[in-house]
file data_29.txt (compact mmCIF, C-alpha atoms (C1' of nucleotides))
# COMPACT_ATOMS: atom_id res chain seq x y z
CA MET A 1 6.44 6.71 -6.45
CA THR A 2 6.80 5.35 -2.93
CA ALA A 3 10.54 5.77 -2.73
CA HIS A 4 11.97 3.51 -0.09
CA ALA A 5 14.76 4.42 2.20
CA PRO A 6 17.91 2.71 0.95
CA HIS A 7 17.65 -0.73 2.45
CA PRO A 8 20.03 -1.76 5.19
CA GLU A 9 22.94 -4.11 4.68
CA LEU A 10 21.66 -7.54 3.94
CA THR A 11 22.35 -10.31 6.38
CA LYS A 12 24.14 -13.38 5.18
CA ASN A 13 20.97 -15.35 4.60
CA GLN A 14 19.24 -12.48 2.88
CA ALA A 15 22.22 -12.00 0.60
CA LEU A 16 22.29 -15.68 -0.27
CA VAL A 17 18.59 -15.75 -1.10
CA PHE A 18 18.79 -12.55 -3.10
CA GLY A 19 21.81 -13.92 -4.91
CA SER A 20 19.96 -17.07 -5.91
CA LEU A 21 17.07 -15.08 -7.26
CA SER A 22 19.21 -12.59 -9.12
CA ASN A 23 21.27 -15.36 -10.58
CA ALA A 24 18.23 -17.35 -11.66
CA GLY A 25 17.02 -14.49 -13.82
CA GLY A 26 13.47 -15.68 -13.28
CA PRO A 27 11.05 -16.74 -10.62
CA LEU A 28 11.88 -19.41 -8.07
CA THR A 29 9.74 -21.03 -5.43
CA ALA A 30 10.86 -20.88 -1.83
CA TYR A 31 11.65 -24.57 -1.91
CA ALA A 32 13.69 -24.25 -5.08
CA ILE A 33 15.74 -21.59 -3.33
CA LEU A 34 16.11 -23.86 -0.34
CA ASP A 35 17.50 -26.61 -2.53
CA LEU A 36 19.92 -24.22 -4.19
CA LEU A 37 21.17 -23.09 -0.81
CA ARG A 38 21.56 -26.42 0.92
CA GLU A 39 25.20 -26.41 0.00
CA ASN A 40 25.44 -23.09 1.80
CA GLY A 41 24.07 -24.61 4.95
CA PHE A 42 20.37 -23.98 4.58
CA ARG A 43 18.33 -26.70 6.19
CA ALA A 44 14.75 -25.49 6.58
CA PRO A 45 12.12 -23.54 4.64
CA LEU A 46 11.84 -20.97 7.35
CA GLN A 47 15.32 -19.74 6.64
CA VAL A 48 14.22 -18.95 3.12
CA TYR A 49 10.87 -17.47 4.04
CA ARG A 50 12.37 -15.17 6.63
CA ALA A 51 14.88 -13.81 4.17
CA LEU A 52 12.22 -13.43 1.50
CA ASP A 53 9.96 -11.50 3.86
CA LYS A 54 12.66 -8.94 4.38
CA LEU A 55 13.66 -8.75 0.75
CA VAL A 56 10.05 -8.17 -0.24
CA GLU A 57 9.75 -5.54 2.47
CA TYR A 58 12.83 -3.79 1.06
CA GLY A 59 11.31 -3.91 -2.41
CA MET A 60 14.16 -5.96 -3.80
CA VAL A 61 12.06 -9.03 -4.45
CA HIS A 62 8.50 -9.43 -5.63
CA ARG A 63 6.13 -12.22 -4.89
CA LEU A 64 4.19 -13.67 -7.80
CA GLU A 65 0.94 -14.74 -6.22
CA SER A 66 -0.29 -16.76 -9.15
CA LEU A 67 2.88 -18.85 -9.17
CA ASN A 68 3.64 -19.03 -5.47
CA ALA A 69 7.08 -17.88 -6.46
CA PHE A 70 9.47 -14.99 -6.01
CA VAL A 71 11.50 -12.94 -8.44
CA ALA A 72 14.25 -10.37 -8.03
CA CYS A 73 13.12 -6.88 -8.92
CA SER A 74 14.25 -6.15 -12.44
CA HIS A 75 15.61 -2.73 -11.50
CA LYS A 76 19.33 -3.01 -11.03
CA GLY A 77 20.31 -2.13 -7.51
CA CYS A 78 16.67 -1.52 -6.88
CA SER A 79 15.88 0.55 -3.86
CA GLY A 80 12.16 0.69 -4.40
CA HIS A 81 9.71 2.15 -6.86
CA GLY A 82 6.01 2.21 -7.65
CA THR A 83 3.73 -0.77 -7.92
CA ALA A 84 4.85 -3.31 -10.45
CA ALA A 85 2.91 -5.58 -12.78
CA PHE A 86 4.06 -8.82 -14.32
CA ALA A 87 3.49 -10.47 -17.67
CA ILE A 88 4.06 -14.17 -17.23
CA CYS A 89 4.51 -16.48 -20.19
CA GLU A 90 2.89 -19.83 -19.56
CA LYS A 91 4.97 -21.52 -22.24
CA CYS A 92 8.51 -20.54 -21.35
CA GLY A 93 8.06 -19.17 -17.85
CA ASP A 94 9.56 -15.84 -18.73
CA VAL A 95 8.44 -12.98 -16.52
CA ASN A 96 8.42 -9.37 -17.61
CA GLU A 97 8.11 -6.70 -14.95
CA PHE A 98 6.67 -3.34 -15.83
CA THR A 99 5.10 -0.33 -14.17
CA PRO A 100 1.72 0.59 -15.61
CA ASP A 101 1.36 3.87 -13.75
CA GLU A 102 -1.74 4.97 -15.59
CA ALA A 103 -3.65 1.77 -14.94
CA ILE A 104 -2.54 1.82 -11.34
CA GLY A 105 -3.68 5.39 -11.03
CA LEU A 106 -7.14 4.36 -12.18
CA LEU A 107 -7.26 1.52 -9.69
CA LYS A 108 -6.08 3.83 -6.98
CA SER A 109 -8.80 6.34 -7.71
CA TRP A 110 -11.37 3.57 -7.59
CA THR A 111 -10.19 2.70 -4.11
CA GLU A 112 -10.01 6.31 -2.99
CA SER A 113 -13.51 7.07 -4.13
CA ARG A 114 -14.69 4.25 -1.88
CA GLY A 115 -12.58 5.03 1.15
CA PHE A 116 -10.57 1.86 0.69
CA GLN A 117 -7.04 2.30 2.03
CA LEU A 118 -4.80 0.53 -0.41
CA SER A 119 -1.73 -1.17 0.93
CA ARG A 120 -0.66 -3.61 -1.74
CA THR A 121 -1.51 -4.18 -5.38
CA THR A 122 -1.13 -7.40 -7.32
CA ILE A 123 -1.31 -7.32 -11.11
CA GLU A 124 -0.35 -10.46 -12.97
CA LEU A 125 -0.99 -11.12 -16.64
CA ARG A 126 -0.85 -14.69 -17.83
CA GLY A 127 -0.47 -15.60 -21.45
CA THR A 128 2.03 -16.34 -24.18
CA CYS A 129 4.98 -14.12 -24.88
CA LYS A 130 5.76 -12.90 -28.37
CA ASN A 131 8.64 -15.28 -28.79
CA CYS A 132 6.64 -18.36 -27.83
CA ALA A 133 3.66 -17.24 -29.91
CA THR A 134 5.69 -16.97 -33.10
CA THR A 135 8.08 -19.86 -32.47
CA ASN A 136 4.87 -21.73 -31.94
CA MET B 1 -16.47 -8.22 -22.79
CA THR B 2 -15.68 -11.89 -23.37
CA ALA B 3 -19.24 -13.11 -23.18
CA HIS B 4 -19.32 -16.77 -22.34
CA ALA B 5 -21.73 -19.22 -23.79
CA PRO B 6 -24.36 -19.97 -21.18
CA HIS B 7 -22.72 -22.63 -19.09
CA PRO B 8 -24.05 -26.17 -19.18
CA GLU B 9 -26.10 -27.69 -16.43
CA LEU B 10 -24.01 -28.12 -13.35
CA THR B 11 -23.29 -31.58 -12.09
CA LYS B 12 -24.26 -32.46 -8.57
CA ASN B 13 -20.81 -31.78 -7.17
CA GLN B 14 -20.45 -28.54 -9.05
CA ALA B 15 -23.84 -27.38 -7.80
CA LEU B 16 -22.93 -28.23 -4.23
CA VAL B 17 -19.66 -26.35 -4.41
CA PHE B 18 -21.22 -23.36 -6.08
CA GLY B 19 -23.96 -23.39 -3.47
CA SER B 20 -21.45 -23.29 -0.64
CA LEU B 21 -19.66 -20.37 -2.17
CA SER B 22 -22.80 -18.42 -2.95
CA ASN B 23 -24.12 -19.04 0.47
CA ALA B 24 -20.90 -17.99 2.17
CA GLY B 25 -21.07 -14.54 0.61
CA GLY B 26 -17.30 -14.35 0.72
CA PRO B 27 -14.19 -16.27 -0.15
CA LEU B 28 -13.66 -19.83 1.00
CA THR B 29 -10.64 -22.08 0.69
CA ALA B 30 -11.02 -25.41 -1.03
CA TYR B 31 -10.62 -27.20 2.29
CA ALA B 32 -13.24 -25.01 3.95
CA ILE B 33 -15.63 -26.02 1.18
CA LEU B 34 -14.69 -29.63 1.69
CA ASP B 35 -15.56 -29.40 5.37
CA LEU B 36 -18.89 -27.77 4.58
CA LEU B 37 -19.73 -30.54 2.16
CA ARG B 38 -18.72 -33.57 4.20
CA GLU B 39 -22.31 -33.97 5.29
CA ASN B 40 -23.18 -34.15 1.61
CA GLY B 41 -20.81 -37.02 1.09
CA PHE B 42 -17.65 -35.22 0.09
CA ARG B 43 -14.57 -37.09 1.24
CA ALA B 44 -11.54 -35.74 -0.61
CA PRO B 45 -10.09 -32.41 -1.75
CA LEU B 46 -10.09 -33.51 -5.34
CA GLN B 47 -13.85 -33.51 -5.43
CA VAL B 48 -13.76 -29.85 -4.54
CA TYR B 49 -10.90 -28.90 -6.83
CA ARG B 50 -12.47 -30.59 -9.81
CA ALA B 51 -15.73 -28.75 -9.32
CA LEU B 52 -13.92 -25.48 -8.79
CA ASP B 53 -11.96 -25.92 -12.00
CA LYS B 54 -15.16 -26.15 -13.97
CA LEU B 55 -16.88 -23.32 -12.15
CA VAL B 56 -13.91 -21.06 -12.77
CA GLU B 57 -13.91 -22.12 -16.41
CA TYR B 58 -17.60 -21.20 -16.63
CA GLY B 59 -16.85 -17.82 -15.08
CA MET B 60 -19.14 -18.46 -12.12
CA VAL B 61 -16.36 -18.53 -9.58
CA HIS B 62 -13.16 -16.54 -9.28
CA ARG B 63 -9.93 -17.60 -7.73
CA LEU B 64 -8.25 -15.11 -5.41
CA GLU B 65 -4.58 -15.83 -5.91
CA SER B 66 -3.37 -13.83 -2.98
CA LEU B 67 -5.64 -15.73 -0.60
CA ASN B 68 -5.58 -19.19 -2.16
CA ALA B 69 -9.33 -18.98 -1.97
CA PHE B 70 -12.38 -18.90 -4.19
CA VAL B 71 -15.38 -16.64 -4.37
CA ALA B 72 -18.67 -16.78 -6.25
CA CYS B 73 -18.91 -14.17 -8.95
CA SER B 74 -20.89 -11.25 -7.62
CA HIS B 75 -23.05 -11.01 -10.72
CA LYS B 76 -26.34 -12.71 -10.05
CA GLY B 77 -26.84 -15.66 -12.36
CA CYS B 78 -23.52 -14.75 -13.86
CA SER B 79 -22.85 -16.20 -17.24
CA GLY B 80 -19.58 -14.46 -17.79
CA HIS B 81 -18.27 -10.95 -18.26
CA GLY B 82 -15.03 -9.04 -18.55
CA THR B 83 -12.00 -9.34 -16.36
CA ALA B 84 -12.70 -8.67 -12.73
CA ALA B 85 -10.62 -7.03 -10.04
CA PHE B 86 -10.94 -7.49 -6.30
CA ALA B 87 -10.53 -5.18 -3.35
CA ILE B 88 -9.78 -7.32 -0.33
CA CYS B 89 -10.03 -5.93 3.19
CA GLU B 90 -7.32 -7.38 5.39
CA LYS B 91 -9.21 -6.51 8.56
CA CYS B 92 -12.64 -7.99 7.96
CA GLY B 93 -11.98 -10.21 4.96
CA ASP B 94 -14.62 -8.52 2.88
CA VAL B 95 -14.08 -8.82 -0.87
CA ASN B 96 -15.45 -6.37 -3.36
CA GLU B 97 -15.50 -7.37 -7.01
CA PHE B 98 -15.43 -4.73 -9.68
CA THR B 99 -14.63 -4.33 -13.34
CA PRO B 100 -12.07 -1.62 -14.03
CA ASP B 101 -12.46 -1.67 -17.80
CA GLU B 102 -10.29 1.36 -18.39
CA ALA B 103 -7.36 0.06 -16.41
CA ILE B 104 -7.71 -3.32 -18.03
CA GLY B 105 -7.75 -1.68 -21.43
CA LEU B 106 -4.45 -0.02 -20.64
CA LEU B 107 -2.92 -3.30 -19.52
CA LYS B 108 -4.26 -5.00 -22.60
CA SER B 109 -2.70 -2.42 -24.87
CA TRP B 110 0.61 -2.87 -23.09
CA THR B 111 0.47 -6.57 -23.88
CA GLU B 112 -0.66 -6.04 -27.44
CA SER B 113 2.12 -3.64 -28.19
CA ARG B 114 4.56 -6.35 -27.18
CA GLY B 115 2.93 -9.26 -28.94
CA PHE B 116 2.00 -10.86 -25.64
CA GLN B 117 -1.15 -12.95 -26.00
CA LEU B 118 -3.12 -12.37 -22.84
CA SER B 119 -5.15 -15.23 -21.48
CA ARG B 120 -5.85 -14.35 -17.88
CA THR B 121 -5.57 -11.24 -15.75
CA THR B 122 -5.24 -11.11 -11.98
CA ILE B 123 -5.85 -7.82 -10.20
CA GLU B 124 -6.07 -7.89 -6.43
CA LEU B 125 -5.97 -4.87 -4.17
CA ARG B 126 -5.17 -5.44 -0.52
CA GLY B 127 -5.93 -2.88 2.13
CA THR B 128 -8.53 -1.70 4.58
CA CYS B 129 -12.13 -1.13 3.62
CA LYS B 130 -13.91 2.08 4.50
CA ASN B 131 -15.91 0.50 7.26
CA CYS B 132 -12.86 -0.97 9.00
CA ALA B 133 -10.86 2.21 8.51
CA THR B 134 -13.43 4.36 10.28
CA THR B 135 -14.58 1.83 12.87
CA ASN B 136 -10.89 1.64 13.55
C1' DC C 1 -20.50 -54.09 -29.15
C1' DC C 2 -16.65 -50.76 -28.99
C1' DA C 3 -14.19 -46.69 -28.33
C1' DC C 4 -14.36 -42.30 -26.32
C1' DT C 5 -15.40 -38.74 -23.13
C1' DT C 6 -16.75 -36.77 -18.78
C1' DG C 7 -17.58 -37.11 -14.22
C1' DT C 8 -16.76 -39.64 -10.14
C1' DG C 9 -14.46 -41.94 -5.66
C1' DT C 10 -10.44 -43.12 -3.10
C1' DA C 11 -5.80 -43.32 -1.39
C1' DA C 12 -1.51 -41.61 -1.28
C1' DT C 13 1.68 -38.03 -1.74
C1' DA C 14 3.67 -33.60 -3.13
C1' DA C 15 4.25 -28.74 -2.59
C1' DT C 16 3.79 -24.66 0.04
C1' DG C 17 3.74 -22.18 4.38
C1' DT C 18 3.76 -21.48 9.81
C1' DA C 19 4.21 -22.02 14.97
C1' DA C 20 6.90 -22.64 18.77
C1' DC C 21 11.00 -23.17 20.88
C1' DG C 22 15.55 -21.58 22.34
C1' DC C 23 20.11 -19.62 21.16
C1' DC C 24 23.38 -15.95 20.03
C1' DA C 25 25.37 -11.48 18.87
C1' DG C 26 25.20 -6.63 18.84
C1' DA C 27 23.16 -2.17 20.41
C1' DA C 28 22.10 0.82 24.08
C1' DA C 29 21.05 2.11 28.79
C1' DT C 30 21.76 4.10 32.53
C1' DA D 1 30.38 -4.13 32.17
C1' DT D 2 26.25 -6.37 33.48
C1' DT D 3 21.70 -5.97 32.10
C1' DT D 4 18.17 -5.64 28.81
C1' DC D 5 16.37 -5.48 24.36
C1' DT D 6 16.20 -6.52 19.64
C1' DG D 7 16.89 -8.91 15.37
C1' DG D 8 18.40 -12.64 13.16
C1' DC D 9 19.24 -17.48 13.35
C1' DG D 10 18.59 -22.93 13.60
C1' DT D 11 15.65 -26.72 14.43
C1' DT D 12 11.59 -29.56 14.94
C1' DA D 13 7.24 -30.29 14.15
C1' DC D 14 3.15 -29.21 12.04
C1' DA D 15 -0.62 -27.01 9.11
C1' DT D 16 -2.39 -25.88 4.76
C1' DT D 17 -2.92 -26.21 -0.14
C1' DA D 18 -2.78 -28.98 -4.33
C1' DT D 19 -1.83 -32.99 -7.35
C1' DT D 20 -0.89 -37.88 -9.17
C1' DA D 21 -2.40 -42.27 -9.96
C1' DC D 22 -5.72 -45.63 -10.46
C1' DA D 23 -10.31 -47.59 -11.01
C1' DC D 24 -15.20 -47.29 -11.98
C1' DA D 25 -19.73 -45.64 -14.01
C1' DA D 26 -22.71 -43.42 -17.30
C1' DG D 27 -23.54 -41.39 -21.70
C1' DT D 28 -22.60 -40.67 -26.69
C1' DG D 29 -21.65 -41.88 -31.24
C1' DG D 30 -19.45 -45.03 -34.33
call {"tool": "encode", "arguments": {"input": "data_29.txt", "output": "structure tokens"}}
result
Amino acid sequence: MTAHAPHPELTKNQALVFGSLSNAGGPLTAYAILDLLRENGFRAPLQVYRALDKLVEYGMVHRLESLNAFVACSHKGCSGHGTAAFAICEKCGDVNEFTPDEAIGLLKSWTESRGFQLSRTTIELRGTCKNCATTN
Amino acid sequence: MTAHAPHPELTKNQALVFGSLSNAGGPLTAYAILDLLRENGFRAPLQVYRALDKLVEYGMVHRLESLNAFVACSHKGCSGHGTAAFAICEKCGDVNEFTPDEAIGLLKSWTESRGFQLSRTTIELRGTCKNCATTN
DNA sequence: CCACTTGTGTAATAATGTAACGCCAGAAAT
DNA sequence: ATTTCTGGCGTTACATTATTACACAAGTGG
């Protein structure tokens, strides 16, 4: 379950970045966030990346490796939880976060049996969501 | 098991790129491949990316999303197989490909139960391999 | 011959991510 | 209460990764 300690107060920049992501309701690239926050005084990518680093560390934001994008954790007021997986619709861009504990347990036992010390797990499923498949 | 049809003859560029990757015995970025192949007349990234696209399509090469890198499939003379997962050591860079059919089955049933049509699965485990953990 | 497809070569550019610098504010050390 | 340390911040410049656009060549099938 990897419960995190409740994360500290967010700094102004972290709060702005987290706000953008929460508000978007879907994944955003770092540069998309930057553009959204220019009116709030953001000038450079590093301001975004630094905030994202912390937010990911706190478990409030996930990075989607196959999109080079970031998404707010779908758990309201999330203060951390187990490894997440993501189903990503390639038609509409919708992202569905879930927690496949059983599958993760199997992966974890594979690593343990080989003495591999697991630090981070990425599971991303690409395809077409139900809505897009039927709406066609 | 998603058996592929035996892939067609490789073009010259595809063979060169696949050769680099096989020879490397580990992941390479597209630009690393480009540098290796300059002496063979490669001039531009697109030559590498185009070959990689095909090789990935044929199942002979995998893309590691969390590294923005590519690796030859570890199955000798691979002509395709089920979804692969990768254990990536962050100390030594070693990558271990495996096929966690059970875990993938669980993920697949999650998608099926939701009408999500799965097209591609990314599973990447980051951590420290046994050797690096003990050698310390 | 013509249309079509696939692979190719090249140049230019876009998109994503980092390094290096210095500044400032708050904690904490006695 | 100055010093020292830390974390966050702002800025510039740069590095890395990936794509768009255009033109050509060879093969295939009508």
call {"tool": "closest_atom_pairs", "arguments": {"input": "data_29.txt", "of": "chain B", "to": "chain A", "cutoff": "7 Å", "atoms": "only C-alpha atoms", "output": "CSV"}}
result
residue,atom,partner,partner_atom,distance
B:Glu65,CA,A:Ser66,CA,5.5
B:Ser66,CA,A:Glu65,CA,5.5
B:Ala103,CA,A:Ala103,CA,4.3
B:Leu106,CA,A:Ala103,CA,6.0
B:Leu107,CA,A:Ala103,CA,6.9
B:Arg114,CA,A:Lys130,CA,6.8
B:Gly115,CA,A:Lys130,CA,4.6
B:Phe116,CA,A:Cys129,CA,4.5
B:Gln117,CA,A:Thr128,CA,5.0
B:Leu118,CA,A:Gly127,CA,4.4
B:Ser119,CA,A:Gly127,CA,4.7
B:Arg120,CA,A:Arg126,CA,5.0
B:Thr121,CA,A:Leu125,CA,4.7
B:Thr122,CA,A:Glu124,CA,5.0
B:Ile123,CA,A:Ile123,CA,4.7
B:Glu124,CA,A:Thr122,CA,5.0
B:Leu125,CA,A:Thr121,CA,4.7
B:Arg126,CA,A:Arg120,CA,5.0
B:Gly127,CA,A:Leu118,CA,4.4
B:Thr128,CA,A:Gln117,CA,5.0
B:Cys129,CA,A:Phe116,CA,4.5
B:Lys130,CA,A:Gly115,CA,4.7
call {"tool": "closest_atom_pairs", "arguments": {"input": "data_29.txt", "of": "chain C", "to": "chain B", "cutoff": "10 Å", "atoms": "only C-alpha atoms (C1' of nucleotides)", "output": "tab-separated table"}}
result
residue	atom	partner	partner_atom	distance
C:DG7	C1'	B:Thr11	CA	8.2
C:DT8	C1'	B:Gln47	CA	8.3
C:DG9	C1'	B:Arg43	CA	8.4
C:DT10	C1'	B:Ala44	CA	7.9
C:DA11	C1'	B:Ala44	CA	9.5
call {"tool": "atom_distance", "arguments": {"input": "data_29.txt", "atom1": "atom CA of Tyr31 of chain B", "atom2": "atom CA of Val71 of chain B"}}
result
13.4 Å
call {"tool": "closest_residue", "arguments": {"input": "data_29.txt", "among": "C:DA3, C:DA19, C:DA12, C:DT30", "to": "DA21 of chain D", "atoms": "all atoms listed in the file"}}
result
C:DA12
call {"tool": "residues_near_point", "arguments": {"input": "data_29.txt", "point": "(-2.2, -24.7, 4.7)", "cutoff": "8 Å", "atoms": "all atoms listed in the file", "output": "PyMOL selection string"}}
result
(chain C and resi 16-17) or (chain D and resi 15-17)
call {"tool": "atom_distance", "arguments": {"input": "data_29.txt", "atom1": "atom CA of Glu97 of chain B", "atom2": "atom CA of Leu28 of chain B"}}
result
14.9 Å
call {"tool": "closest_residue", "arguments": {"input": "data_29.txt", "among": "B:Cys73, B:Gly41, B:Ala84, B:Pro27", "to": "Val56 of chain B", "atoms": "all atoms listed in the file"}}
result
B:Cys73
call {"tool": "atom_distance", "arguments": {"input": "data_29.txt", "atom1": "atom CA of His75 of chain A", "atom2": "atom CA of Thr99 of chain A"}}
result
11.1 Å
call {"tool": "closest_residue", "arguments": {"input": "data_29.txt", "among": "C:DA27, C:DT6, C:DA15, C:DC1", "to": "DA26 of chain D", "atoms": "all atoms listed in the file"}}
result
C:DT6
call {"tool": "closest_residue", "arguments": {"input": "data_29.txt", "among": "A:Cys92, A:Val17, A:Ile33, A:Val48", "to": "chain D", "atoms": "only C-alpha atoms (C1' of nucleotides)"}}
result
A:Val48
call {"tool": "closest_residue", "arguments": {"input": "data_29.txt", "among": "D:DG7, D:DA1, D:DA13, D:DT20", "to": "chain B", "atoms": "all atoms listed in the file"}}
result
D:DT20
call {"tool": "interface_residues", "arguments": {"input": "data_29.txt", "of": "chain D", "to": "chain A", "cutoff": "9 Å", "atoms": "all atoms listed in the file", "output": "PyMOL selection string"}}
result
chain D and resi 8-11
call {"tool": "residues_near_point", "arguments": {"input": "data_29.txt", "point": "(16.2, -11.5, -6.9)", "cutoff": "12 Å", "atoms": "all atoms listed in the file", "output": "PyMOL selection string"}}
result
chain A and resi 14-30+33+51-52+55-56+58-63+69-78
call {"tool": "write_last_selection", "arguments": {"input": "data_29.txt", "atoms": "C-alpha atoms", "output": "short mmCIF file (atom, residue, chain, number, x, y, z; two decimals), in the frame of the given file"}}
result
data_model
loop_
_atom_site.label_atom_id
_atom_site.label_comp_id
_atom_site.auth_asym_id
_atom_site.auth_seq_id
_atom_site.Cartn_x
_atom_site.Cartn_y
_atom_site.Cartn_z
CA GLN A 14 19.24 -12.48 2.88
CA ALA A 15 22.22 -12.00 0.60
CA LEU A 16 22.29 -15.68 -0.27
CA VAL A 17 18.59 -15.75 -1.10
CA PHE A 18 18.79 -12.55 -3.10
CA GLY A 19 21.81 -13.92 -4.91
CA SER A 20 19.96 -17.07 -5.91
CA LEU A 21 17.07 -15.08 -7.26
CA SER A 22 19.21 -12.59 -9.12
CA ASN A 23 21.27 -15.36 -10.58
CA ALA A 24 18.23 -17.35 -11.66
CA GLY A 25 17.02 -14.49 -13.82
CA GLY A 26 13.47 -15.68 -13.28
CA PRO A 27 11.05 -16.74 -10.62
CA LEU A 28 11.88 -19.41 -8.07
CA THR A 29 9.74 -21.03 -5.43
CA ALA A 30 10.86 -20.88 -1.83
CA ILE A 33 15.74 -21.59 -3.33
CA ALA A 51 14.88 -13.81 4.17
CA LEU A 52 12.22 -13.43 1.50
CA LEU A 55 13.66 -8.75 0.75
CA VAL A 56 10.05 -8.17 -0.24
CA TYR A 58 12.83 -3.79 1.06
CA GLY A 59 11.31 -3.91 -2.41
CA MET A 60 14.16 -5.96 -3.80
CA VAL A 61 12.06 -9.03 -4.45
CA HIS A 62 8.50 -9.43 -5.63
CA ARG A 63 6.13 -12.22 -4.89
CA ALA A 69 7.08 -17.88 -6.46
CA PHE A 70 9.47 -14.99 -6.01
CA VAL A 71 11.50 -12.94 -8.44
CA ALA A 72 14.25 -10.37 -8.03
CA CYS A 73 13.12 -6.88 -8.92
CA SER A 74 14.25 -6.15 -12.44
CA HIS A 75 15.61 -2.73 -11.50
CA LYS A 76 19.33 -3.01 -11.03
CA GLY A 77 20.31 -2.13 -7.51
CA CYS A 78 16.67 -1.52 -6.88
#
call {"tool": "build_atoms", "arguments": {"input": "data_29.txt", "residues": "segment 53-69 of chain A", "atoms": "N, CA and C atoms", "output": "PDB file, in the frame of the given file"}}
result
ATOM      1  N   ASP A  53      10.816 -12.518   3.251  1.00  0.00           N
ATOM      2  CA  ASP A  53       9.960 -11.500   3.860  1.00  0.00           C
ATOM      3  C   ASP A  53      10.671 -10.153   3.877  1.00  0.00           C
ATOM      4  N   LYS A  54      11.914 -10.190   4.304  1.00  0.00           N
ATOM      5  CA  LYS A  54      12.660  -8.940   4.380  1.00  0.00           C
ATOM      6  C   LYS A  54      12.936  -8.360   2.998  1.00  0.00           C
ATOM      7  N   LEU A  55      13.330  -9.218   2.096  1.00  0.00           N
ATOM      8  CA  LEU A  55      13.660  -8.750   0.750  1.00  0.00           C
ATOM      9  C   LEU A  55      12.435  -8.140   0.066  1.00  0.00           C
ATOM     10  N   VAL A  56      11.279  -8.732   0.308  1.00  0.00           N
ATOM     11  CA  VAL A  56      10.050  -8.170  -0.240  1.00  0.00           C
ATOM     12  C   VAL A  56       9.768  -6.828   0.428  1.00  0.00           C
ATOM     13  N   GLU A  57       9.965  -6.794   1.733  1.00  0.00           N
ATOM     14  CA  GLU A  57       9.750  -5.540   2.470  1.00  0.00           C
ATOM     15  C   GLU A  57      10.652  -4.436   1.927  1.00  0.00           C
ATOM     16  N   TYR A  58      11.889  -4.780   1.594  1.00  0.00           N
ATOM     17  CA  TYR A  58      12.830  -3.790   1.060  1.00  0.00           C
ATOM     18  C   TYR A  58      12.549  -3.451  -0.402  1.00  0.00           C
ATOM     19  N   GLY A  59      11.624  -4.170  -1.010  1.00  0.00           N
ATOM     20  CA  GLY A  59      11.310  -3.910  -2.410  1.00  0.00           C
ATOM     21  C   GLY A  59      12.292  -4.518  -3.393  1.00  0.00           C
ATOM     22  N   MET A  60      13.153  -5.380  -2.907  1.00  0.00           N
ATOM     23  CA  MET A  60      14.160  -5.960  -3.800  1.00  0.00           C
ATOM     24  C   MET A  60      13.671  -7.230  -4.463  1.00  0.00           C
ATOM     25  N   VAL A  61      12.625  -7.783  -3.933  1.00  0.00           N
ATOM     26  CA  VAL A  61      12.060  -9.030  -4.450  1.00  0.00           C
ATOM     27  C   VAL A  61      10.550  -8.873  -4.501  1.00  0.00           C
ATOM     28  N   HIS A  62       9.953  -9.439  -5.534  1.00  0.00           N
ATOM     29  CA  HIS A  62       8.500  -9.430  -5.630  1.00  0.00           C
ATOM     30  C   HIS A  62       7.964 -10.848  -5.514  1.00  0.00           C
ATOM     31  N   ARG A  63       6.790 -10.939  -4.946  1.00  0.00           N
ATOM     32  CA  ARG A  63       6.130 -12.220  -4.890  1.00  0.00           C
ATOM     33  C   ARG A  63       5.128 -12.326  -6.030  1.00  0.00           C
ATOM     34  N   LEU A  64       5.174 -13.428  -6.740  1.00  0.00           N
ATOM     35  CA  LEU A  64       4.190 -13.670  -7.800  1.00  0.00           C
ATOM     36  C   LEU A  64       3.117 -14.585  -7.240  1.00  0.00           C
ATOM     37  N   GLU A  65       1.979 -13.997  -6.941  1.00  0.00           N
ATOM     38  CA  GLU A  65       0.940 -14.740  -6.220  1.00  0.00           C
ATOM     39  C   GLU A  65       0.418 -15.902  -7.056  1.00  0.00           C
ATOM     40  N   SER A  66       0.330 -15.708  -8.337  1.00  0.00           N
ATOM     41  CA  SER A  66      -0.290 -16.760  -9.150  1.00  0.00           C
ATOM     42  C   SER A  66       0.670 -17.907  -9.429  1.00  0.00           C
ATOM     43  N   LEU A  67       1.896 -17.778  -9.004  1.00  0.00           N
ATOM     44  CA  LEU A  67       2.880 -18.850  -9.170  1.00  0.00           C
ATOM     45  C   LEU A  67       3.387 -19.371  -7.833  1.00  0.00           C
ATOM     46  N   ASN A  68       3.003 -18.746  -6.754  1.00  0.00           N
ATOM     47  CA  ASN A  68       3.640 -19.030  -5.470  1.00  0.00           C
ATOM     48  C   ASN A  68       5.149 -19.020  -5.627  1.00  0.00           C
ATOM     49  N   ALA A  69       5.650 -17.961  -6.208  1.00  0.00           N
ATOM     50  CA  ALA A  69       7.080 -17.880  -6.460  1.00  0.00           C
ATOM     51  C   ALA A  69       7.550 -16.455  -6.244  1.00  0.00           C
TER      52      ALA A  69
END
